[in-house]
Amino acid sequence: MRKKSYILTLIFAILGFISTAQTAEEWFQKGNTAYTNAAYKQALEAYHKALETGEHSAALYYNLGNTYYRLNEVAESIYYFEKGLILKPQDPDLSNNILFAKNMTLDAIEKLPQTQITAFNNKLIGMMHTNQWAWLTLLLVWLFSILLIVYLWIQSSKSKKQLFVSALVLGLLGVVSYTITSTKYTKLHSEQFGIVFSEVIQVNNEPNQRSEVQFILHEGTKVQIMEQFQDWQKIRIANGVEGWVSGAMIREL
Amino acid sequence: MLLLIVATPLQAQVSFQGRVSKKKLGLNERLRVDFVMNQNGDNFNPPSFEGFRIMGGPNQSISNSYVNGKRSFSKTFTYFLTPMRKGRLLIKQATVEIEGETYKTTPIQVEVTEAVAVPKDPNSVEYLADQNLHLVAEVSKRNPYLNERVTVQYKLYFRNPIKISEAPREMESPKFVDFWSQNIKIPQLRIEQGTYNGEAYNVVVWRKTVLYPQKTGKLILEPLTLNVLAELPTNRRDFFGDRIMRQVNRVITAGETSVEVKPLPESGKPEDFTGAVGRFDFDVLLNKKSLKASESFQARIKVTGTGNLTLFDLPKLKVPNTLEVYEPEHKEDVKTNLSGMQGTIEDTYTIVPQYQGKYPITPLTFTYFDPKKEGYERVGSQNFVIDVFEGPLANTSVAPKATPSNVIEAPNANFKFIKLSSNWSSIERETFWATSRFYTLLISPIVLLLLMIPLRRWWQTQVPDVQSQKQKAASRKARKYLVTAKNNSGNKTKFYEALEAALHNYLKSKFKIETTDFNKEKIETLLQNKGVEPMLSGAFVQLLQNCERARYAPSSEVQIQNDYESAVKIITKIDRKL
């Protein structure tokens with residue numbers, strides 16, 4: 001009797017292992033099939049299972065955002081689109097569909113105007129992932145060093161000159177790439193954004209209930225989380241206005 | 001006999017009643033008791049009238065009248081009594097036999113109080129009017145909630161012997177401060193039967209008002225004053241013995257009353273409560289659910305029911321700000337009757353979407369207080385999603401007119417389909433940047449480079465090739481000769497010999513020319529063939545000539561020093577060129 005139950009649990013354990021051992025890609029494909037068949041709830045389940053495997057991708061977040069959009073869940077939809085944009089800031093589909101999702105929110109916040117330089121900077125920074133930028137920096141520094149070493153060993157004075165100039169150019173590019181990566185990294189790690197999940201939140205002037213209510217935010221709005229004071233959070237919205245909120249559900253990106 | 005048979009069904013209802021002129025009287029007042037039967041009876045047996053003294057009676061009167069062929073008959077025995085003691089006295093039953101049956105009156109209780117100062121003459125006009133004409137304000141609820149419906153009915157009670165033939169005139173209309181009030185029109189005054197303090201009266205409802213208290217606390221309802229033209233019998237009688245009626249103007253007032261208005265309970269009061277009290281249904285209706293951009297649709301927010309309909313605000317429509325919403329049109333269809341305001345109020349919003357996409361209409365909730373259940377109720381509307389197809393796609397920022405740059409006009413902008421392939425990476429992946437691995441990889445090539453520089457130097461000394469060895473030997477030789485020349489700088493002849501030998505040795509090692517076939521022209525052309533500038537080669541030859549000349553001509557210390565230095569210069573220069 002005991003033996004039997006042992007065997008049974010063993011079988012179940014193996015079955016369970018097999019079922020959980022599906023890869024992210026398999027879940028992803030399952031989710032895609034469900035989405036195509038308009039079974040959005042199932043699609044969600046599958047996509048979340050894919051996330052649970054510990055792997056992610058911009059495509060997965062994009063599909064999650066789309067599914068939530070189909071289910072009219074604004075905040076969730078925007079949350080996953082934004083997550084996707086962190087991984088792949090330049091993706092045209094992501095930036096297109098997030099507009100649809102943002103259309104559903106109650107708040108329309110006019111963005112602060114960007115100068116051309118900041119726009120260019122943002123574009124440059126957004127071109128690649130931090131790690132990709134890091135690898136590029138490494139590549140440039142390595143090339144610079146190799147070229148200089150070759151320069152040291154080579155005899156011909158003519159190619160020596162060319163080598164030296166190109167090494168200098170590569171070194172300069174390496175410095176630029178390093179600066180970009182470091183700004184991107186500090187930006188990513190110092191600026192914490194979040195999506196408002198509460199239906200309505202009041203934004204106060206000061207972190208206490210006595211202070212005046214400045215404005216009201218609704219579900220789905222992206223805010224920057226500035227600092228924390230007791231149970232109050234200081235937030236900043238896209239138009240640069242800051243305020244304090246308490247007890248609001250803001251899910252960090 | 002035949003008459004009797006015909007008469008019997010008509011006289012089916014036999015009544016025998018005892019009536020008193022008043023139920024409450026002073027010890028020194030008189031009381032009149034009537035025993036009335038509607039058919040002739042025999043053996044009338046009055047009660048004993050314990051506690052009373054019979055002052056007059058029995059007076060018997062019979063009235064017999066035919067109206068439209070119907071006979072009505074009444075026979076009355078009247079007694080006039082004075083009470084002998086205070087307290088509750090009982091007039092017991094009187095009996096009579098009508099057609100062989102014995103009928104009894106119900107006992108009547110009369111309260112006798114202290115003697116009154118002036119015994120009221122029961123026949124005086126004032127007394128009769130006071131006793132038999134009353135104006136009463138009937139309040140449906142004395143203790144309502146704020147905004148709960150209260151009705152006030154002003155009723156005019158009167159009874160025999162007062163008759164009212166003309167409609168009364170209102171002298172002072174009540175004002176309802178702190179109330180929302182509405183009069184309900186009474187198309188025609190009607191006399192109805194009613195009771196006042198347990199006695200039968202004629203009633204006329206003079207005025208009906210629906211009130212919604214707007215303030216809490218004790219609120220006063222101002223009195224209503226009526227001028228009533230009443231007809232009263234007088235003591236005089238006319239020729240036929242009937243009493244002469246007299247018209248009397250009486251001013252009567254329904255005394256000031258008040259209601260105590262309770263505030264709505266604070267516990268469980270919803271935040272979005274706007275003051276609706278009653279029973280309501282709530283709905284949000286849309287006339288379209290999918291449309292093209294720049295078409296319009298309408299949303300109606302509708303509250304139906306009974307309660308203070310016109311006294312609260314409807315919940316506001318909440319839509320995404322990217323929709324253009326116009327001011328709502330407010331419509332009220334409310335009727336007021338005794339049960340309060342009834343009907344529908346609605347706000348109609350016209351909405352024009354500018355851009356394509358899905359727009360959720362946030363479900364609205366409407367809360368009201370139900371005074372019957374003494375609790376707050378919440379009704380919600382459905383969740384709607386407006387699907388706008390065809391049209392430009394908007395950026396999130398609004399105000400498209402002011403800043404058109406915010407609007408991305410994309411001709412084929414559609415909601416894109418999901419992605420079907422994915423590049424996976426670990427969520428937990430550390431950023432490679434700023435890790436020690438990154439820094440190692442970043443610094444190692446530079447360190448390698450820095451290491452390479454001394455290595456290269458060392459290599460140059462360690463692994464020489466044949467050619468460079470020869471050259472090195474030559475220059476070493478040249479320097480050696482120059483060194484001997486320098487050492488002999490004190491001795492003119494020896495210095496120039498050593499210098500010349502050094503130059504020759506240098507050429508020999510450089511160009512492999514033997515010293516024997518040396519002449520100036522050959523050296524110059526040779527140097528120039530090797531790519532040495534003519535100036536330098538000229539200087540070299542000049543130096544050689546100097547050496548020859550100096551053997552025979554006197555030269556100073558300064559000259560020697562100059563020649564040595566120019567030799568070093570020229571040799572290094574030529575060496576560099578080759």
# chains A, B, ... in the order shown; residues from 1 in each chain; ligands from 1
>>> residues_around(residues="segment 171-188 of chain A", least_positions_apart="4", cutoff="6 Å", atoms="only C-alpha atoms", output="PyMOL selection string")
chain A and resi 133+137+140-141+144
>>> write_last_selection(atoms="C-alpha atoms", output="PDB file, in the first residue's frame")
ATOM      1  CA  TRP A 133      26.335  49.407 -25.849  1.00  0.00           C
ATOM      2  CA  THR A 137      32.484  49.989 -26.128  1.00  0.00           C
ATOM      3  CA  LEU A 140      36.095  49.708 -29.903  1.00  0.00           C
ATOM      4  CA  VAL A 141      38.620  49.718 -27.072  1.00  0.00           C
ATOM      5  CA  PHE A 144      42.055  50.606 -30.621  1.00  0.00           C
TER       6      PHE A 144
END
>>> residues_around(residues="Gly268 of chain B", least_positions_apart="4", cutoff="12 Å", atoms="only C-alpha atoms", output="ChimeraX atom specification")
/B:264,272-273,367-369,374-378
>>> interface_residues(of="chain A", to="chain B", cutoff="6 Å", atoms="only C-alpha atoms", output="PyMOL selection string")
chain A and resi 54-57+59+63+97+99-100+102+104-110+131+134+138+142+145+149
>>> residues_around(residues="His129 of chain A", least_positions_apart="3", cutoff="8 Å", atoms="only C-alpha atoms", output="VMD selection string")
chain A and resid 87 to 88 126 132 to 133
>>> select_by_dssp(residues="segment 104-242 of chain A", states="alpha helix (DSSP H)", output="ChimeraX atom specification")
/A:116-126,130-153,157-190
>>> closest_residue(among="B:Val325, B:Val379, B:Ile220, B:Met84", to="Val259 of chain B", atoms="only C-alpha atoms")
B:Ile220
>>> closest_residue(among="A:Asn121, A:Trp135, A:Phe193, A:Val150", to="Arg437 of chain B", atoms="only C-alpha atoms")
A:Trp135
>>> residues_around(residues="segment 248-251 of chain A", least_positions_apart="6", cutoff="7 Å", atoms="only C-alpha atoms", output="list in words")
Gly194, Ile195, Val196, Phe197, Ser198 and Ile201 of chain A
>>> write_last_selection(atoms="C-alpha atoms", output="mmCIF file, in the first residue's frame")
data_model
loop_
_atom_site.group_PDB
_atom_site.id
_atom_site.type_symbol
_atom_site.label_atom_id
_atom_site.label_comp_id
_atom_site.auth_asym_id
_atom_site.auth_seq_id
_atom_site.Cartn_x
_atom_site.Cartn_y
_atom_site.Cartn_z
ATOM 1 C CA GLY A 194 5.643 53.101 -12.804
ATOM 2 C CA ILE A 195 2.146 52.673 -14.130
ATOM 3 C CA VAL A 196 -0.857 53.758 -12.093
ATOM 4 C CA PHE A 197 -3.098 50.780 -11.421
ATOM 5 C CA SER A 198 -5.557 52.452 -9.055
ATOM 6 C CA ILE A 201 -5.503 58.693 -7.309
#
>>> atom_distance(atom1="atom CA of Ser61 of chain B", atom2="atom CA of Ser74 of chain B")
8.2 Å
>>> residues_around(residues="Asn562 of chain B", least_positions_apart="6", cutoff="12 Å", atoms="only C-alpha atoms", output="list in words")
Lys486, Ser489, Leu543, Asn546, Ser555, Ser556, Val568 and Lys569 of chain B
